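One structure is given below, encoded as structure tokens.
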Amino acid sequence: VRSATREISAAPSDGVLWIHPFRALSMACGHWFPFPSQIGSWDSKFRPYVKHGSTAVGSVLFSRTMPTLWLADAEGIKTVAGEATVFQKDIETYKTVNIYGENLVGTEGAEWRRHRRVAKPAFNEACNAFVWTDTVRIVNEWFAALDAVEANQNKKSITLNVLKDLAQVTLLVISSVGFGRRASWQQNASTVPPPGQLMAFGPAVFAAVHYLFPKALTPKWLSALSERMYIPVIGRMVRDVNHAYEALKLHMVELVSLSRAWVVEGKVSNMDAALLRNLVEANMEDEDAAITSYKNLTDDELFSNTFLFLLAGHETTAHSLAFAVAYLALYPDVQQKIYDEAFLLWPDGVPKTASTSSYGELMPRLLYTLATFHETIRLFPPVIRISKLVHADTTIKAHRFTTTSNGDIDNVQDISVPVKAGSMVLVDIRGLHMNPMYWGPDAESFKPERFIDTESYKWPRDAFLAFSAGPRACIGQRFAVTESVCVLASLVRTYEISVPEKLRAKPFEEQKRSLLSWIPGITMAPTNCVVSLRRRS
Ligand code: HEM
């Protein structure tokens with residue numbers, strides 16, 4: 001440990017990192033340990049960097065006696081994100097999502113390029129236009145369901161935890177745009193599965209996401225054994241996990257078979273379910289050749305990417321939207337500005353359907369809504385950190401500084417931190433987002449205006465990393481932003497969002513603590529986005 005500490009001694013050391021930041025234990029006890037002032041805590045924000053007066057802080061990962069450098073520095077992170085051969089993904093940490101095989105997020109180098117080249121062409125402006133039209137269609141279904149609840153309860157407003165509904169919205173959007181599956185809003189766990197299926201589509205995806213960690217932690221022999229004999233305590237759960245993944249696989253087989261048939265019969269247009277079509281076509285090409293052609297996917301990779309996109313394409317966006325809705329309940333002035341923006345677009349209310357051209361016309365007019373979404377994921381980035389393994393000796397730029405009593409950063413000095421091959425660099429997204437060097441002394445406050453450029457101010461692009469950066473940046477960034485802006489504008493145009501009745505008399509800080517509470521999970525997961533919705537006249 002001592003020699004590992006010496007290797008990164010140019011950065012101040014925070015000591016030993018006892019818990020691997022990407023293991024299940026880090027998620028299980030992430031709220032309490034490491035303590036929030038320590039590096040590696042899910043809730044440390046920028047505190048450890050202030051403690052050490054440096055935007056680069058060293059520590060040693062105990063389980064691998066590996067020197068690790070934590071970075072909350074825009075300049076240093078730009079190098080790490082940009083130099084893809086020196087800083088490679090620590091793919092070990094992505095095994096959890098490799099349930100069905102290798103996929104885009106969990107591969108590196110030539111393998112990763114092969115997956116990315118297959119998927120990338122589907123993420124274009126035509127796809128974003130479909131995201132817009134499908135989101136309008138799906139939020140209308142959601143609003144109709146909300147109105148039905150309101151009418152049933154005979155009340156003027158309803159109170160609900162929006163996360164479940166937003167997960168449903170975002171799942172329906174990725175299923176429709178990416179995979180051509182137009183599922184109904186009404187599906188839930190008790191929906192009778194269609195013939196040949198074990199569960200309805202939506203519930204199968206949610207169950208698989210719910211059981212992601214148990215699935216990754218259960219050895220194959222235990223899964224098989226649980227189907228043959230009674231295993232006390234955990235047997236039932238293991239069987240439920242098996243059931244969920246089998247149910248999802250059956251749906252994926254159906255999606256793939258349909259798409260394959262359409263491709264063979266030449267029935268698909270270039271735009272329809274482009275993501276699925278790309279994956280399927282790559283799987284069909286060169287069937288007899290060895291897997292050396294870049295545009296080729298094995299069956300396992302086809303299913304694994306399908307699962308990955310269903311998961312990554314809805315979970316992060318749903319969590320971000322739920323935090324955003326909680327913020328809108330807490331900050332009525334911000335909500336009013338979104339309403340004003342949305343009213344100009346839709347004076348008669350959100351239309352029941354939208355044409356694909358409305359994306360290009362309306363999206364650029366929702367600048368404040370976009371700023372609000374960005375500000376939400378600055379404060380609550382779903383992915384809070386990314387690990388990279390260092391493959392060659394190199395140096396990383398960072399800064400030393402002092403902090404004044406009002407939180408201002410002072411005496412900033414450039415430093416260069418040498419890192420050796422075999423070390424790990426942890427890109428601390430939440431730390432960077434809370435760094436006052438870029439976001440000012442009020443970096444922890446919610447202010448969408450900081451994402452609006454003016455003549456004298458350009459918001460610091462390099463200090464915003466919610467979608468990562470460089471070649472491994474999120475492939476679905478524009479997809480997520482289009483969908484989220486459309487959901488937020490439509491929701492605010494249709495409903496007034498407020499803090500729920502039982503919190504109204506409480507002090508603001510308590511309301512905030514309650515509505516913005518979260519737990520560590522695959523991503524930062526909101527736990528209590530309970531708001532009151534009243535339909536606007
Ligand atoms: C608010 C929503 C989203 C956020 C904040 C987000 C964030 C991120 C981040 C930080 C990464 C890099 C992860 C890493 O390197 O470990 C990433 C990668 C990825 N995201 Fe997203 N994402 C969002 C929505 C989406 C959507 C809607 C899709 C698909 C439709 C998607 C698909 C992916 C995929 C496939 C990757 C892996 C890309 C690669 O490694 O080449 N994401 N995302």
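Going through the structure tokens in order, the chains are called A, B, and so on, while each chain numbers its residues from 1 and the ligands are numbered from 1 in the order shown.
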If we count only C-alpha atoms, what is near Ile384 (chain A) at a cut-off of 10 Å, once residues fewer than 3 positions away on the same chain are taken out, given as number ranges by chain?
A: 42-43, 45, 377-381, 427-433, 465-466, 468, 520, 523-524
Selection file, C-alpha atoms, as a PDB file, in the first residue's frame:
ATOM      1  CA  TRP A  42     -21.361   8.564  -2.968  1.00  0.00           C
ATOM      2  CA  ASP A  43     -22.192  11.841  -1.236  1.00  0.00           C
ATOM      3  CA  LYS A  45     -19.447  16.024  -3.727  1.00  0.00           C
ATOM      4  CA  ILE A 377     -28.267  16.220 -13.879  1.00  0.00           C
ATOM      5  CA  ARG A 378     -25.399  18.482 -12.870  1.00  0.00           C
ATOM      6  CA  LEU A 379     -26.582  18.109  -9.266  1.00  0.00           C
ATOM      7  CA  PHE A 380     -27.793  14.506  -9.635  1.00  0.00           C
ATOM      8  CA  PRO A 381     -25.779  12.904 -12.429  1.00  0.00           C
ATOM      9  CA  VAL A 427     -13.407  10.463 -13.123  1.00  0.00           C
ATOM     10  CA  ASP A 428     -15.482  11.971 -10.333  1.00  0.00           C
ATOM     11  CA  ILE A 429     -18.455  13.382 -12.231  1.00  0.00           C
ATOM     12  CA  ARG A 430     -20.380  14.607  -9.190  1.00  0.00           C
ATOM     13  CA  GLY A 431     -17.180  16.097  -7.700  1.00  0.00           C
ATOM     14  CA  LEU A 432     -16.514  17.978 -10.951  1.00  0.00           C
ATOM     15  CA  HIS A 433     -20.121  19.205 -11.067  1.00  0.00           C
ATOM     16  CA  LEU A 465     -19.897  15.504 -17.687  1.00  0.00           C
ATOM     17  CA  ALA A 466     -23.306  13.950 -17.019  1.00  0.00           C
ATOM     18  CA  SER A 468     -19.318  11.598 -20.123  1.00  0.00           C
ATOM     19  CA  PRO A 520     -26.889   4.399  -4.554  1.00  0.00           C
ATOM     20  CA  THR A 523     -27.229   4.816 -11.064  1.00  0.00           C
ATOM     21  CA  MET A 524     -28.244   7.438  -8.485  1.00  0.00           C
TER      22      MET A 524
END
Report as JSON, numbers by chain which protein, DNA and RNA residues come within 6 Å of ligand 1, using only C-alpha atoms and all ligand atoms.
{"A": [104, 105, 116, 309, 312, 313, 314, 316, 317, 320, 381, 382, 383, 386, 466, 467, 468, 472, 473, 474, 475, 476, 477, 479, 480]}
Pick from A:Phe87, A:Ser41, A:Ser387, A:Thr369 nearest to Cys29 (chain A), counting only C-alpha atoms:
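Nearest to Cys29 (chain A): A:Ser41.
CA of Thr85 (chain A) is positioned 27.8 Å from CA of Phe303 (chain A).
By only C-alpha atoms, and with residues fewer than 5 positions from Thr133 (chain A) along its chain excluded, the set lying at most 9 Å from it is Asn128, Ile138, Thr353, Ala354, Ser355, Thr356, Ser358 and Tyr359 of chain A.
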Smallest atom-to-atom distance to Val136 (chain A): which of A:Pro219, A:Ser490, A:Ser498, A:Val481, using only C-alpha atoms?
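The closest residue to Val136 (chain A) is A:Ser490.
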Could you give me the residues within region 303-458 of chain A that DSSP places in helix (DSSP H, G or I), as a PyMOL selection string?
chain A and resi 303-312+315-330+332-345+357-365+367-379+429-433+436-439+448-451
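Of the residues under consideration (A:Glu375, A:Leu61, A:Arg493, A:Glu227), A:Arg493 shows the shortest atom-to-atom contact distance to Leu345 (chain A) when counting only C-alpha atoms.
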Please return as a list in words: the residues of region 114-313 of chain A that backbone DSSP assigns to strand (DSSP E).
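Output for region 114-313 of chain A, strand (DSSP E) only: Ser157, Ile158, Thr159, Leu160 and Asn161 of chain A.
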Go ahead and write the residues just picked, C-alpha atoms, as a CSV table (one decimal), in the first residue's frame.
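Just written: selection37.csv:
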chain,number,residue,atom,x,y,z
A,157,SER,CA,-55.3,17.0,-7.6
A,158,ILE,CA,-53.5,13.7,-7.1
A,159,THR,CA,-50.4,12.9,-5.1
A,160,LEU,CA,-48.0,10.3,-6.5
A,161,ASN,CA,-44.4,9.1,-6.6
Give one line per residue of region 369-427 of chain A that approaches region 446-449 of chain A to at most 8 Å, naming the two atoms of the closest pair and their distance in Å to one decimal, counting only C-alpha atoms; sort by chain then ascending residue number and deliver it as a Markdown table.
| residue | atom | partner | partner_atom | distance |
| --- | --- | --- | --- | --- |
| A:Ala371 | CA | A:Pro448 | CA | 5.1 |
| A:Thr372 | CA | A:Pro448 | CA | 4.7 |
| A:Phe373 | CA | A:Pro448 | CA | 7.9 |
| A:His374 | CA | A:Pro448 | CA | 7.4 |
| A:Glu375 | CA | A:Pro448 | CA | 5.2 |
| A:Thr376 | CA | A:Phe446 | CA | 7.5 |
| A:Leu379 | CA | A:Phe446 | CA | 7.6 |
Tell me which protein, DNA and RNA residues are within 9 Å of Leu328 (chain A), counting only C-alpha atoms, leaving out same-chain ones fewer than 6 positions away, and put them as an mmCIF file with C-alpha atoms, in the first residue's frame.
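What ended up in result-v3.cif:
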data_model
loop_
_atom_site.group_PDB
_atom_site.id
_atom_site.type_symbol
_atom_site.label_atom_id
_atom_site.label_comp_id
_atom_site.auth_asym_id
_atom_site.auth_seq_id
_atom_site.Cartn_x
_atom_site.Cartn_y
_atom_site.Cartn_z
ATOM 1 C CA VAL A 334 -38.510 27.756 -12.212
ATOM 2 C CA GLN A 335 -41.714 25.878 -13.015
ATOM 3 C CA GLN A 336 -43.403 29.135 -14.032
ATOM 4 C CA THR A 372 -33.462 23.001 -16.029
ATOM 5 C CA VAL A 492 -45.714 21.535 -16.780
ATOM 6 C CA ILE A 497 -46.656 20.486 -9.755
ATOM 7 C CA SER A 498 -46.363 21.179 -6.042
ATOM 8 C CA VAL A 499 -44.944 19.787 -2.825
#
Hey, can you check how far CA of Ser190 (chain A) sits from CA of Tyr211 (chain A)?
18.0 Å
From the list A:Gly30, A:Pro12, A:Gly76, A:Pro232, which residue is nearest Gly58 (chain A) when using only C-alpha atoms?
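So, comparing all the options, the nearest one is A:Pro12.
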From the list A:Pro436, A:Pro203, A:Pro526, A:Pro351, which residue is nearest His319 (chain A) when using only C-alpha atoms?
A:Pro526
Close residues, region 170-173 of chain A itself excluded, 10 Å, only C-alpha atoms, min 4 positions apart in chain, as an MDAnalysis selection string
chainID A and resid 130:139 165:166 177:185 201:202 205:206 310:319 321 479:480 483:484 487
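Shortest separation to Ile409 (chain A) among A:Ala216, A:Met229, A:Leu491, A:Val50 occurs at residue A:Val50, atoms counted being only C-alpha atoms.
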